[in-house]
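Trainee: One structure, as structure tokens, below. Some questions next.
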Amino acid sequence: MPSLKIPPDKHEFEISLFGPGVGECIVLHLGDGHWVIVDSCIDRTTGNPVALDYLEGMSVAPDRVKQIIVSHWHNDHCAGVSKLLQYYSTASLVLSVALRATEFRQLIAASRMEIGIGTDELRLALDVLRPSNRIGIQERRTFVLCGKVVFQSSHAQILCLSPSDRTIGRSFVEISSLIETGQQRKRAASHSSNDVAVTLWIQFGDGLAVLLGSDLEKTNDKERGWVAVVESKVRPKTKAKIFKVAHHGSDNADESRVWSEMLEQNAYAILTPYRLGVKPLPSESDRIRLCSQTAEVYATTHTHTAKPDLNKTVDRVARGVAKSLRRLDSRMGHIRLRRKASEIFIELFGPAHKISA
Ligand SMILES: [Zn+2]
């Protein structure tokens, strides 16, 4: 049987990280057949959220998915969440507490009229939970901030490490000032998203900790961003063996104290690249920096795709219309780590690969 069809053993921890170049999804097995999905992206070959395809492939019953956590509302992290909520109809939706505020509700409402505002998928997800039974809605939605235990079983705990109180207060002020200007709702939607991202600490059994960094960035303010996480009083003082690198390996999310105070030496650092934007991530310097922190750095796919092999005439014509030619490789990459008897086994699928300096 192909390896992707074989589920983990009952007491085995698993983290699967998926990314096609733009998009990120994490699937966790927390023991006893309990599954949690963090963020979502679409597999272009099937048109489905990748988590759904993966769990279906292993014949995981829909009621085994306990939670769907949206770390923040950028489209590269929440594409397909509404479909996941429909399919996993007993799973609860976990969101940053920032999304409970009036200011964000205004943004969501604006996306009904104004497509492309950046909160469309989230609006669809909340609509799935909206229907007739209001009690049901309350039960399926949880808003979290630093200190909140998101999941608890006899084997595992998921603890929320951000956003901090101060981040929440500040982002509301920023958002409302941007909304007031009317034209800038789109900017408002994207502006504060990373700021209020949900980072998670997973404790499995007594010997494994995992840090999921979402897209949380650094700030100069000690009460926000990564320094607030490092200095948080609720943070367990053990060290994590696996780190989902924050913000696609970007320098603006790399706090050295995370490496020295929160991660074991030579921790597994796993990331999804982000190819859109002026500066695709991780850049060459990001890769070098990450490799200086640990020998175990893995990416779900390549930041840049290979240049196409064109003959000279076509090449000349094409260069007239495009500055940089890259072959579009949108295959889904998949990094899987499973822990059996205190040993971690890593498997790489599709374009996923180890990064070396
Ligand atoms: Zn992202």
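Please note that chains go A, B, ... in the order of the structure tokens, that every chain numbers its residues from 1, and that ligands are numbered from 1 in the order shown.
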When the cut-off is 10 Å and you count only C-alpha atoms and all ligand atoms, which residues lie near ligand 1, shown as a list in words?
Mentor: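 Within the 10 Å cut-off, the matching residues are Val22, Gly23, Glu24, Asp39, Ser71, His72, Trp73, His74, Asn75, Asp76, His77, Cys78, Ser193, Asn194, Ser214, Asp215, Leu216, Ala246, His247, His248, Gly249, Thr272, Pro273, Tyr274 and Leu281 of chain A.
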Trainee: Any idea what's packed within 9 Å of region 205-208 of chain A, counting only C-alpha atoms, ignoring anything in its chain fewer than 3 positions away? Could you give it as a VMD selection string?
Mentor: chain A and resid 13 154 to 157 202 239 to 242 339 342
Trainee: Could you save the residues just selected, with C-alpha atoms, as a PDB file, in the first residue's frame?
Mentor:
```
ATOM      1  CA  PHE A  13       2.182  11.858  16.636  1.00  0.00           C
ATOM      2  CA  SER A 154      -4.876  12.428  27.588  1.00  0.00           C
ATOM      3  CA  HIS A 155      -1.944  12.472  25.116  1.00  0.00           C
ATOM      4  CA  ALA A 156      -1.761  15.991  23.803  1.00  0.00           C
ATOM      5  CA  GLN A 157      -2.373  19.656  24.443  1.00  0.00           C
ATOM      6  CA  ILE A 202       1.774  21.458  20.942  1.00  0.00           C
ATOM      7  CA  LYS A 239      11.935  23.343  24.093  1.00  0.00           C
ATOM      8  CA  ALA A 240      10.335  22.306  20.824  1.00  0.00           C
ATOM      9  CA  LYS A 241      11.823  19.693  18.508  1.00  0.00           C
ATOM     10  CA  ILE A 242       9.779  20.732  15.463  1.00  0.00           C
ATOM     11  CA  ARG A 339       7.122  10.019  15.911  1.00  0.00           C
ATOM     12  CA  SER A 342      10.497   8.676  20.664  1.00  0.00           C
TER      13      SER A 342
END
```
Trainee: Can you measure CA of Leu95 (chain A) to CA of Phe143 (chain A) for me? One decimal in Å is fine.
Mentor: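 Interatomic distance here is 4.9 Å.
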Trainee: Excluding region 330-334 of chain A and residues on its chain fewer than 4 positions from it, collect all residues at most 7 Å away from it, counting only C-alpha atoms, and give them as a list in words.
Mentor: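 The residues that qualify are Ser16, Leu17, Phe18, Gly19, Pro20, Gly21, Asp43, Thr300, Thr301, Leu348, Phe349, Gly350, Pro351 and Ala352 of chain A.
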Trainee: Counting only C-alpha atoms, what is within 10 Å of Ser59 (chain A), bar same-chain residues fewer than 6 positions away, as JSON, numbers by chain?
Mentor: {"A": [5, 6, 7, 53]}
Trainee: Using only C-alpha atoms, which residues sit within 8 Å of Arg166 (chain A) once same-chain residues fewer than 2 positions away are excluded, as a VMD selection string?
Mentor: chain A and resid 164 168 to 170 223 to 224
Trainee: Those same residues - all heavy atoms - I'd like them written as a JSON list (two decimals), in the first residue's frame.
Mentor:
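Just written: selection_34.json:
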```json
[["chain", "number", "residue", "atom", "x", "y", "z"],
["A", 164, "SER", "N", -1.16, 38.48, 21.61],
["A", 164, "SER", "CA", -1.15, 38.98, 22.98],
["A", 164, "SER", "C", -2.27, 40.02, 23.16],
["A", 164, "SER", "O", -2.78, 40.56, 22.19],
["A", 164, "SER", "CB", 0.19, 39.65, 23.27],
["A", 164, "SER", "OG", 0.35, 40.78, 22.44],
["A", 168, "ILE", "N", -4.00, 42.83, 20.32],
["A", 168, "ILE", "CA", -5.42, 42.93, 19.99],
["A", 168, "ILE", "C", -5.87, 44.38, 20.07],
["A", 168, "ILE", "O", -6.41, 44.93, 19.12],
["A", 168, "ILE", "CB", -6.26, 42.09, 20.99],
["A", 168, "ILE", "CG1", -5.86, 40.62, 20.94],
["A", 168, "ILE", "CG2", -7.75, 42.25, 20.71],
["A", 168, "ILE", "CD1", -6.21, 39.92, 19.69],
["A", 169, "GLY", "N", -5.60, 45.01, 21.20],
["A", 169, "GLY", "CA", -6.02, 46.40, 21.39],
["A", 169, "GLY", "C", -5.50, 47.29, 20.29],
["A", 169, "GLY", "O", -6.23, 48.06, 19.69],
["A", 170, "ARG", "N", -4.23, 47.14, 19.98],
["A", 170, "ARG", "CA", -3.60, 48.01, 19.00],
["A", 170, "ARG", "C", -4.14, 47.79, 17.59],
["A", 170, "ARG", "O", -4.38, 48.71, 16.84],
["A", 170, "ARG", "CB", -2.10, 47.74, 19.03],
["A", 170, "ARG", "CG", -1.30, 48.82, 18.39],
["A", 170, "ARG", "CD", 0.12, 48.35, 18.25],
["A", 170, "ARG", "NE", 0.63, 48.85, 17.01],
["A", 170, "ARG", "CZ", 1.56, 49.79, 16.91],
["A", 170, "ARG", "NH1", 2.08, 50.29, 17.98],
["A", 170, "ARG", "NH2", 1.97, 50.20, 15.73],
["A", 223, "GLU", "N", 5.72, 43.75, 23.81],
["A", 223, "GLU", "CA", 4.44, 43.12, 24.15],
["A", 223, "GLU", "C", 3.68, 42.63, 22.93],
["A", 223, "GLU", "O", 2.53, 42.23, 23.01],
["A", 223, "GLU", "CB", 3.59, 44.11, 24.95],
["A", 223, "GLU", "CG", 4.19, 44.39, 26.31],
["A", 223, "GLU", "CD", 3.39, 45.43, 27.07],
["A", 223, "GLU", "OE1", 2.20, 45.21, 27.26],
["A", 223, "GLU", "OE2", 3.97, 46.46, 27.43],
["A", 224, "ARG", "N", 4.33, 42.68, 21.77],
["A", 224, "ARG", "CA", 3.68, 42.18, 20.55],
["A", 224, "ARG", "C", 4.66, 41.32, 19.78],
["A", 224, "ARG", "O", 5.86, 41.32, 20.05],
["A", 224, "ARG", "CB", 3.23, 43.36, 19.67],
["A", 224, "ARG", "CG", 2.18, 44.24, 20.31],
["A", 224, "ARG", "CD", 2.06, 45.57, 19.60],
["A", 224, "ARG", "NE", 1.75, 45.39, 18.19],
["A", 224, "ARG", "CZ", 2.32, 46.09, 17.21],
["A", 224, "ARG", "NH1", 3.19, 47.02, 17.46],
["A", 224, "ARG", "NH2", 1.98, 45.86, 15.96]]
```
